[in-house]
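Peer 1: Just passing along the structure, written as structure tokens.
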Amino acid sequence: MIIKQIKIDFFVTPQIKRYVFVYLIDTGKTLLMIDSGVAGSENIIENAIKSIGYQPSDLEAIFLTHAHPDHIGTACYFREKYGAKVFASKGERAWIEDINLQYSKRPIPNFFELAGKSTPVDYVVKDGDKVFLSDRSVIEVVGTSGHSVDEVSFRYGDALFIGDSVPVKGDIPILVDLEKSIKTLEIIAGMTEVTRFYPAWDQEYSREMMDEKISEAKRLIDILRTTVKKADNKYDLPELVEFVCEELKMPILKSNPLFAKTIEACRKEGEECFASKEYQEIMNKRISSVDARALIVEN
């Protein structure tokens, strides 16, 4: 098995550059892709495929960890042009197949330029499923939600592709369900048979490195939850976001609507709350005037 990591740079705003990693898996007989980057990165991925001795038409399947635009952007292109089959979970399917719906619930800057086109999902997968490929090798599906409603990770052999399922120290914590995020960390920590981990944001992690990242993520979640509980029932959501940012000395995040979603998730533990009227009001108000600095990753 050969795993090739592809770095995809993109701009959230003209001033703010970010990146995401896409993975190619060469099983020796067939070619798979984990996530698909942003729209506009088709040539980068095609060249990466050719660099390991394949043609884009050899791509058998695209496994999407979740529906956010930096993960789904080229899926439609590779499906329509080369016939690659798209796999995703039930809870993420609606936002993949209808990006207008996703934007109505989660209107981030530059959304349509990043997300590309709505993409039909050929196969819906869930935790515990095994996908048998044309060469009879197997991809196993692991439920790892929390960052998104129904995010999944994909295991191939001793490698686990985890998308954005582990919050990262130094980046903006984006969660929709606190309890599910904590459960996800426990699930990944308990997969002792996995020795290599491939996130959407960083290098390959060894078992030891992944354990440290999980410990950091748990500490981050605990700090957020404790800070939110300090102000329990004292503030409405906009005021609570300001309180948390001041307490944690992160005032720049006050204007980031996705961080407001994380605070909402901390306050309503165990609830998926994109439909919250309070949260939607914050999204609508802040997305048009979001401070670009609030999207910068502080390493």
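Identifiers for the structure tokens are assigned positionally: chains receive A, B, ... in sequence, residues are indexed from 1 per chain, and ligands are indexed from 1 in the order shown.
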Do you know which residues are at most 9 Å from Ile162 in chain A counting only C-alpha atoms, after dropping those on the same chain fewer than 3 positions away, and could you put them as a VMD selection string?
Peer 2: chain A and resid 65 144 151 to 155 165 to 166 188 197 to 200
Peer 1: Next, the residues of the selection above should be written as a compact mmCIF listing (two decimals), in the first residue's frame with all heavy atoms.
Peer 2:
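The result, written out as selection.txt:
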# COMPACT_ATOMS: atom_id res chain seq x y z
N THR A 65 -15.07 12.21 4.25
CA THR A 65 -15.22 12.13 5.70
C THR A 65 -16.40 12.96 6.18
O THR A 65 -17.11 12.57 7.11
CB THR A 65 -13.95 12.60 6.43
OG1 THR A 65 -13.65 13.96 6.06
CG2 THR A 65 -12.77 11.69 6.08
N THR A 144 -17.07 9.00 13.58
CA THR A 144 -16.24 9.93 14.38
C THR A 144 -16.85 11.33 14.32
O THR A 144 -16.19 12.30 13.97
CB THR A 144 -14.79 9.95 13.86
OG1 THR A 144 -14.79 10.20 12.44
CG2 THR A 144 -14.08 8.64 14.14
N GLU A 151 -19.72 12.94 10.74
CA GLU A 151 -18.40 12.67 10.15
C GLU A 151 -18.00 11.22 10.38
O GLU A 151 -18.30 10.63 11.42
CB GLU A 151 -17.33 13.60 10.75
CG GLU A 151 -15.94 13.35 10.19
CD GLU A 151 -14.95 14.46 10.49
OE1 GLU A 151 -15.32 15.41 11.21
OE2 GLU A 151 -13.82 14.38 9.99
N VAL A 152 -17.31 10.65 9.40
CA VAL A 152 -16.78 9.31 9.55
C VAL A 152 -15.30 9.32 9.19
O VAL A 152 -14.82 10.18 8.45
CB VAL A 152 -17.52 8.29 8.65
CG1 VAL A 152 -18.94 8.07 9.14
CG2 VAL A 152 -17.51 8.72 7.19
N SER A 153 -14.59 8.36 9.74
CA SER A 153 -13.20 8.12 9.36
C SER A 153 -13.14 6.80 8.60
O SER A 153 -14.06 5.98 8.69
CB SER A 153 -12.31 8.05 10.61
OG SER A 153 -12.28 9.30 11.27
N PHE A 154 -12.07 6.61 7.86
CA PHE A 154 -11.94 5.41 7.04
C PHE A 154 -10.63 4.69 7.37
O PHE A 154 -9.56 5.30 7.35
CB PHE A 154 -11.98 5.77 5.56
CG PHE A 154 -13.28 6.39 5.13
CD1 PHE A 154 -13.38 7.76 4.93
CD2 PHE A 154 -14.42 5.62 4.96
CE1 PHE A 154 -14.58 8.35 4.55
CE2 PHE A 154 -15.63 6.18 4.58
CZ PHE A 154 -15.72 7.55 4.38
N ARG A 155 -10.75 3.39 7.63
CA ARG A 155 -9.57 2.58 7.97
C ARG A 155 -9.23 1.68 6.79
O ARG A 155 -10.09 0.99 6.24
CB ARG A 155 -9.85 1.74 9.21
CG ARG A 155 -8.67 0.84 9.58
CD ARG A 155 -9.01 -0.11 10.69
NE ARG A 155 -7.95 -1.11 10.85
CZ ARG A 155 -8.07 -2.21 11.58
NH1 ARG A 155 -9.19 -2.45 12.25
NH2 ARG A 155 -7.09 -3.07 11.66
N SER A 165 -11.78 15.19 12.58
CA SER A 165 -12.50 14.67 13.75
C SER A 165 -11.82 14.97 15.08
O SER A 165 -12.45 14.85 16.14
CB SER A 165 -12.72 13.16 13.62
OG SER A 165 -11.49 12.49 13.46
N VAL A 166 -10.55 15.37 15.06
CA VAL A 166 -9.82 15.68 16.30
C VAL A 166 -9.53 17.18 16.34
O VAL A 166 -8.80 17.69 15.49
CB VAL A 166 -8.50 14.89 16.38
CG1 VAL A 166 -7.72 15.27 17.64
CG2 VAL A 166 -8.78 13.38 16.35
N ILE A 188 -11.03 6.77 18.75
CA ILE A 188 -9.75 6.77 18.05
C ILE A 188 -8.63 6.28 18.98
O ILE A 188 -7.77 5.49 18.58
CB ILE A 188 -9.43 8.16 17.49
CG1 ILE A 188 -10.46 8.53 16.40
CG2 ILE A 188 -8.02 8.23 16.92
CD1 ILE A 188 -10.33 9.94 15.88
N PHE A 197 -2.00 7.48 11.40
CA PHE A 197 -3.20 8.32 11.36
C PHE A 197 -2.97 9.47 10.39
O PHE A 197 -1.91 10.11 10.39
CB PHE A 197 -3.49 8.88 12.76
CG PHE A 197 -3.74 7.81 13.78
CD1 PHE A 197 -2.69 7.17 14.42
CD2 PHE A 197 -5.03 7.41 14.09
CE1 PHE A 197 -2.90 6.18 15.36
CE2 PHE A 197 -5.27 6.41 15.02
CZ PHE A 197 -4.21 5.79 15.66
N TYR A 198 -3.98 9.74 9.58
CA TYR A 198 -3.85 10.75 8.52
C TYR A 198 -4.96 11.79 8.67
O TYR A 198 -6.10 11.57 8.26
CB TYR A 198 -3.91 10.08 7.15
CG TYR A 198 -2.75 9.16 6.90
CD1 TYR A 198 -2.81 7.81 7.24
CD2 TYR A 198 -1.57 9.65 6.35
CE1 TYR A 198 -1.73 6.97 7.02
CE2 TYR A 198 -0.48 8.81 6.13
CZ TYR A 198 -0.57 7.47 6.47
OH TYR A 198 0.51 6.64 6.26
N PRO A 199 -4.63 12.95 9.26
CA PRO A 199 -5.62 14.02 9.42
C PRO A 199 -5.69 14.92 8.19
O PRO A 199 -4.80 14.87 7.32
CB PRO A 199 -5.07 14.80 10.62
CG PRO A 199 -3.57 14.65 10.48
CD PRO A 199 -3.35 13.27 9.91
N ALA A 200 -6.71 15.73 8.14
CA ALA A 200 -6.87 16.66 7.01
C ALA A 200 -6.04 17.92 7.20
O ALA A 200 -6.01 18.76 6.30
CB ALA A 200 -8.34 17.04 6.86
Peer 1: Within 10 Å of Val20 in chain A, counting only C-alpha atoms, which residues qualify if same-chain residues fewer than 5 places away don't, as a list in words?
Peer 2: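 Returned residues: Ile6, Lys7, Ile8, Asp9, Phe10, Asp35, Ser36, Gly37, Val38, Asp70, His71, Gly163, Asp164, Pro199, Ala200, Trp201 and Asp202 of chain A.
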Peer 1: For the residues in the current selection, export N, CA, C and O atoms as a PDB file, in the first residue's frame.
Peer 2:
ATOM      1  N   ILE A   6      -1.639  14.957  -0.477  1.00  0.00           N
ATOM      2  CA  ILE A   6      -1.668  16.101  -1.390  1.00  0.00           C
ATOM      3  C   ILE A   6      -2.114  17.333  -0.605  1.00  0.00           C
ATOM      4  O   ILE A   6      -3.204  17.357  -0.044  1.00  0.00           O
ATOM      5  N   LYS A   7      -1.274  18.351  -0.598  1.00  0.00           N
ATOM      6  CA  LYS A   7      -1.627  19.589   0.089  1.00  0.00           C
ATOM      7  C   LYS A   7      -2.361  20.513  -0.881  1.00  0.00           C
ATOM      8  O   LYS A   7      -1.864  20.827  -1.962  1.00  0.00           O
ATOM      9  N   ILE A   8      -3.545  20.949  -0.476  1.00  0.00           N
ATOM     10  CA  ILE A   8      -4.365  21.844  -1.282  1.00  0.00           C
ATOM     11  C   ILE A   8      -4.465  23.192  -0.563  1.00  0.00           C
ATOM     12  O   ILE A   8      -5.072  23.289   0.506  1.00  0.00           O
ATOM     13  N   ASP A   9      -3.861  24.218  -1.126  1.00  0.00           N
ATOM     14  CA  ASP A   9      -3.978  25.565  -0.570  1.00  0.00           C
ATOM     15  C   ASP A   9      -5.236  26.234  -1.110  1.00  0.00           C
ATOM     16  O   ASP A   9      -5.631  26.009  -2.261  1.00  0.00           O
ATOM     17  N   PHE A  10      -5.860  27.052  -0.290  1.00  0.00           N
ATOM     18  CA  PHE A  10      -7.029  27.791  -0.756  1.00  0.00           C
ATOM     19  C   PHE A  10      -7.202  29.062   0.070  1.00  0.00           C
ATOM     20  O   PHE A  10      -6.599  29.217   1.149  1.00  0.00           O
ATOM     21  N   ASP A  35     -11.371  12.200   0.795  1.00  0.00           N
ATOM     22  CA  ASP A  35     -11.738  13.610   0.639  1.00  0.00           C
ATOM     23  C   ASP A  35     -11.258  14.130  -0.715  1.00  0.00           C
ATOM     24  O   ASP A  35     -10.517  13.455  -1.439  1.00  0.00           O
ATOM     25  N   SER A  36     -11.687  15.347  -1.061  1.00  0.00           N
ATOM     26  CA  SER A  36     -11.408  15.791  -2.434  1.00  0.00           C
ATOM     27  C   SER A  36     -10.971  17.246  -2.532  1.00  0.00           C
ATOM     28  O   SER A  36     -10.920  17.792  -3.628  1.00  0.00           O
ATOM     29  N   GLY A  37     -10.646  17.876  -1.385  1.00  0.00           N
ATOM     30  CA  GLY A  37     -10.146  19.243  -1.445  1.00  0.00           C
ATOM     31  C   GLY A  37     -11.206  20.240  -1.883  1.00  0.00           C
ATOM     32  O   GLY A  37     -12.413  19.991  -1.768  1.00  0.00           O
ATOM     33  N   VAL A  38     -10.747  21.368  -2.391  1.00  0.00           N
ATOM     34  CA  VAL A  38     -11.660  22.439  -2.811  1.00  0.00           C
ATOM     35  C   VAL A  38     -11.774  22.469  -4.331  1.00  0.00           C
ATOM     36  O   VAL A  38     -10.903  21.979  -5.054  1.00  0.00           O
ATOM     37  N   ASP A  70     -14.183  22.331   1.971  1.00  0.00           N
ATOM     38  CA  ASP A  70     -12.790  21.999   1.667  1.00  0.00           C
ATOM     39  C   ASP A  70     -12.547  20.489   1.569  1.00  0.00           C
ATOM     40  O   ASP A  70     -11.423  20.053   1.330  1.00  0.00           O
ATOM     41  N   HIS A  71     -13.608  19.714   1.718  1.00  0.00           N
ATOM     42  CA  HIS A  71     -13.497  18.263   1.596  1.00  0.00           C
ATOM     43  C   HIS A  71     -14.260  17.704   0.398  1.00  0.00           C
ATOM     44  O   HIS A  71     -13.984  16.591  -0.041  1.00  0.00           O
ATOM     45  N   GLY A 163      -9.973  12.845   8.822  1.00  0.00           N
ATOM     46  CA  GLY A 163     -10.591  14.118   8.470  1.00  0.00           C
ATOM     47  C   GLY A 163     -10.307  15.200   9.498  1.00  0.00           C
ATOM     48  O   GLY A 163      -9.157  15.408   9.903  1.00  0.00           O
ATOM     49  N   ASP A 164     -11.359  15.858   9.967  1.00  0.00           N
ATOM     50  CA  ASP A 164     -11.233  16.918  10.977  1.00  0.00           C
ATOM     51  C   ASP A 164     -11.795  16.475  12.326  1.00  0.00           C
ATOM     52  O   ASP A 164     -12.238  17.302  13.128  1.00  0.00           O
ATOM     53  N   PRO A 199      -4.633  12.955   9.261  1.00  0.00           N
ATOM     54  CA  PRO A 199      -5.619  14.023   9.422  1.00  0.00           C
ATOM     55  C   PRO A 199      -5.685  14.915   8.189  1.00  0.00           C
ATOM     56  O   PRO A 199      -4.804  14.868   7.317  1.00  0.00           O
ATOM     57  N   ALA A 200      -6.713  15.730   8.137  1.00  0.00           N
ATOM     58  CA  ALA A 200      -6.873  16.663   7.011  1.00  0.00           C
ATOM     59  C   ALA A 200      -6.035  17.916   7.195  1.00  0.00           C
ATOM     60  O   ALA A 200      -6.011  18.760   6.296  1.00  0.00           O
ATOM     61  N   TRP A 201      -5.351  18.050   8.325  1.00  0.00           N
ATOM     62  CA  TRP A 201      -4.694  19.314   8.646  1.00  0.00           C
ATOM     63  C   TRP A 201      -3.188  19.197   8.868  1.00  0.00           C
ATOM     64  O   TRP A 201      -2.518  20.203   9.082  1.00  0.00           O
ATOM     65  N   ASP A 202      -2.626  17.981   8.841  1.00  0.00           N
ATOM     66  CA  ASP A 202      -1.226  17.864   9.262  1.00  0.00           C
ATOM     67  C   ASP A 202      -0.593  16.615   8.645  1.00  0.00           C
ATOM     68  O   ASP A 202      -1.204  15.904   7.867  1.00  0.00           O
TER      69      ASP A 202
END
Peer 1: Tell me, as a ChimeraX atom specification, which residues lie within 12 Å of Asp177 in chain A, counting only C-alpha atoms; anything in the same chain fewer than 3 positions away does not count.
Peer 2: /A:144-151,165,173-174,180-184,221,225,261-274
Peer 1: Could you check the closest approach to Met33 in chain A for each of A:Tyr54, A:Tyr123, A:Phe63, A:Phe132 and tell me which residue wins, using only C-alpha atoms?
Peer 2: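 The answer is A:Phe63, which sits nearest to Met33 in chain A.
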Peer 1: Once DSSP has gone over the backbone, tell me which residues of range 131-286 of chain A are in strand (DSSP E), as JSON, numbers by chain.
Peer 2: {"A": [131, 132, 138, 139, 140, 141, 142, 143, 152, 153, 154, 155, 156, 159, 160, 161, 162, 163, 196, 197, 198, 199, 205, 206]}
Peer 1: From the DSSP assignment of the backbone, select every residue of range 48-137 of chain A that is helix (DSSP H, G or I), and format the answer as a ChimeraX atom specification.
Peer 2: /A:48-51,56-58,69-72,75-82,90-97,99-105,111-115
Peer 1: May I have the selected residues written with C-alpha atoms, as a PDB file, in the first residue's frame?
Peer 2:
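Below is the file part-v4.pdb, written as the result:
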ATOM      1  CA  ALA A  48      -0.609  13.698  -8.155  1.00  0.00           C
ATOM      2  CA  ILE A  49      -2.427  10.644  -9.488  1.00  0.00           C
ATOM      3  CA  LYS A  50      -0.138  10.517 -12.529  1.00  0.00           C
ATOM      4  CA  SER A  51       2.938  10.908 -10.312  1.00  0.00           C
ATOM      5  CA  PRO A  56      -7.341   9.826 -13.223  1.00  0.00           C
ATOM      6  CA  SER A  57      -9.658   7.336 -14.912  1.00  0.00           C
ATOM      7  CA  ASP A  58      -8.175   4.648 -12.622  1.00  0.00           C
ATOM      8  CA  PRO A  69     -16.541  22.627   1.342  1.00  0.00           C
ATOM      9  CA  ASP A  70     -12.790  21.999   1.667  1.00  0.00           C
ATOM     10  CA  HIS A  71     -13.497  18.263   1.596  1.00  0.00           C
ATOM     11  CA  ILE A  72     -16.067  17.937  -1.197  1.00  0.00           C
ATOM     12  CA  ALA A  75     -15.827  15.149  -5.896  1.00  0.00           C
ATOM     13  CA  CYS A  76     -18.389  16.012  -8.568  1.00  0.00           C
ATOM     14  CA  TYR A  77     -15.640  16.574 -11.149  1.00  0.00           C
ATOM     15  CA  PHE A  78     -13.989  13.191 -10.614  1.00  0.00           C
ATOM     16  CA  ARG A  79     -17.348  11.442 -10.475  1.00  0.00           C
ATOM     17  CA  GLU A  80     -18.670  13.021 -13.674  1.00  0.00           C
ATOM     18  CA  LYS A  81     -15.485  12.949 -15.746  1.00  0.00           C
ATOM     19  CA  TYR A  82     -13.895   9.679 -14.635  1.00  0.00           C
ATOM     20  CA  LYS A  90     -26.195   9.430   5.773  1.00  0.00           C
ATOM     21  CA  GLY A  91     -25.957  12.483   7.998  1.00  0.00           C
ATOM     22  CA  GLU A  92     -23.573  14.291   5.632  1.00  0.00           C
ATOM     23  CA  ARG A  93     -25.314  13.276   2.400  1.00  0.00           C
ATOM     24  CA  ALA A  94     -27.856  16.103   2.231  1.00  0.00           C
ATOM     25  CA  TRP A  95     -25.173  18.820   2.396  1.00  0.00           C
ATOM     26  CA  ILE A  96     -23.049  17.037  -0.228  1.00  0.00           C
ATOM     27  CA  GLU A  97     -25.921  16.551  -2.641  1.00  0.00           C
ATOM     28  CA  ILE A  99     -24.655  22.679  -1.436  1.00  0.00           C
ATOM     29  CA  ASN A 100     -27.309  25.407  -1.447  1.00  0.00           C
ATOM     30  CA  LEU A 101     -28.850  23.713   1.569  1.00  0.00           C
ATOM     31  CA  GLN A 102     -25.468  23.602   3.260  1.00  0.00           C
ATOM     32  CA  TYR A 103     -24.885  27.287   2.593  1.00  0.00           C
ATOM     33  CA  SER A 104     -28.291  28.193   4.050  1.00  0.00           C
ATOM     34  CA  LYS A 105     -27.264  26.539   7.330  1.00  0.00           C
ATOM     35  CA  PHE A 111     -18.436  29.074   0.083  1.00  0.00           C
ATOM     36  CA  PHE A 112     -19.472  28.323  -3.499  1.00  0.00           C
ATOM     37  CA  GLU A 113     -15.975  28.892  -4.904  1.00  0.00           C
ATOM     38  CA  LEU A 114     -14.685  26.285  -2.460  1.00  0.00           C
ATOM     39  CA  ALA A 115     -17.533  23.762  -2.507  1.00  0.00           C
TER      40      ALA A 115
END
Peer 1: List the neighbours of Met250 in chain A out to 12 Å using only C-alpha atoms; skip same-chain residues closer than 2 positions along the sequence, and give me the result as a PDB file with C-alpha atoms, in the first residue's frame.
Peer 2:
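Generated output (around14.pdb):
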ATOM      1  CA  GLY A 170      -3.683  26.347  17.899  1.00  0.00           C
ATOM      2  CA  ASP A 171      -6.540  26.264  15.391  1.00  0.00           C
ATOM      3  CA  ILE A 172     -10.119  27.487  15.645  1.00  0.00           C
ATOM      4  CA  PRO A 173     -12.089  24.800  17.523  1.00  0.00           C
ATOM      5  CA  LEU A 224     -14.099  25.413  26.555  1.00  0.00           C
ATOM      6  CA  VAL A 241     -19.297  34.195  22.897  1.00  0.00           C
ATOM      7  CA  GLU A 242     -17.809  37.517  23.972  1.00  0.00           C
ATOM      8  CA  PHE A 243     -17.447  36.261  27.549  1.00  0.00           C
ATOM      9  CA  VAL A 244     -15.611  33.100  26.474  1.00  0.00           C
ATOM     10  CA  CYS A 245     -13.305  34.995  24.138  1.00  0.00           C
ATOM     11  CA  GLU A 246     -12.386  37.440  26.879  1.00  0.00           C
ATOM     12  CA  GLU A 247     -11.877  34.693  29.456  1.00  0.00           C
ATOM     13  CA  LEU A 248      -9.611  32.726  27.131  1.00  0.00           C
ATOM     14  CA  ILE A 252     -10.212  37.891  17.698  1.00  0.00           C
ATOM     15  CA  LEU A 253     -12.666  34.962  17.631  1.00  0.00           C
ATOM     16  CA  LYS A 254     -15.594  37.144  18.658  1.00  0.00           C
ATOM     17  CA  SER A 255     -16.333  37.832  15.004  1.00  0.00           C
ATOM     18  CA  ASN A 256     -16.002  34.240  13.818  1.00  0.00           C
ATOM     19  CA  PHE A 259     -16.669  29.671  16.811  1.00  0.00           C
ATOM     20  CA  ARG A 293      -8.102  37.914  11.153  1.00  0.00           C
ATOM     21  CA  ALA A 294     -10.482  35.616  13.011  1.00  0.00           C
ATOM     22  CA  GLU A 298      -2.216  30.666  15.167  1.00  0.00           C
TER      23      GLU A 298
END
Peer 1: Hey, which of A:Thr27, A:Thr119, A:Thr74, A:Asn110 ends up closest to Ala88 in chain A? Count only C-alpha atoms.
Peer 2: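 Under the stated criterion, the closest residue is A:Thr119.
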Peer 1: Looking at A:Leu24, A:Met210, A:Val121, A:Ala67, which one is nearest to Asn47 in chain A, with distances taken over only C-alpha atoms?
Peer 2: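 Of A:Leu24, A:Met210, A:Val121, A:Ala67, the one nearest Asn47 in chain A is A:Leu24, counting only C-alpha atoms.
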Peer 1: For range 212-220 of chain A, work out the shell of residues within 6 Å, counting only C-alpha atoms and skipping chain neighbours fewer than 3 positions away, then give it as a PDB file with N, CA and C atoms, in the first residue's frame.
Peer 2:
ATOM      1  N   PRO A 167     -10.105  17.920  17.311  1.00  0.00           N
ATOM      2  CA  PRO A 167      -9.796  19.348  17.428  1.00  0.00           C
ATOM      3  C   PRO A 167      -8.302  19.565  17.627  1.00  0.00           C
ATOM      4  N   MET A 209       2.217   9.939  18.559  1.00  0.00           N
ATOM      5  CA  MET A 209       1.856  11.320  18.226  1.00  0.00           C
ATOM      6  C   MET A 209       0.345  11.524  18.296  1.00  0.00           C
ATOM      7  N   ILE A 223     -11.402  22.910  28.627  1.00  0.00           N
ATOM      8  CA  ILE A 223     -11.282  24.348  28.884  1.00  0.00           C
ATOM      9  C   ILE A 223     -12.510  25.093  28.347  1.00  0.00           C
TER      10      ILE A 223
END
Peer 1: So how far away is CA of Tyr156 in chain A from CA of Asp129 in chain A, in Å?
Peer 2: 12.4 Å
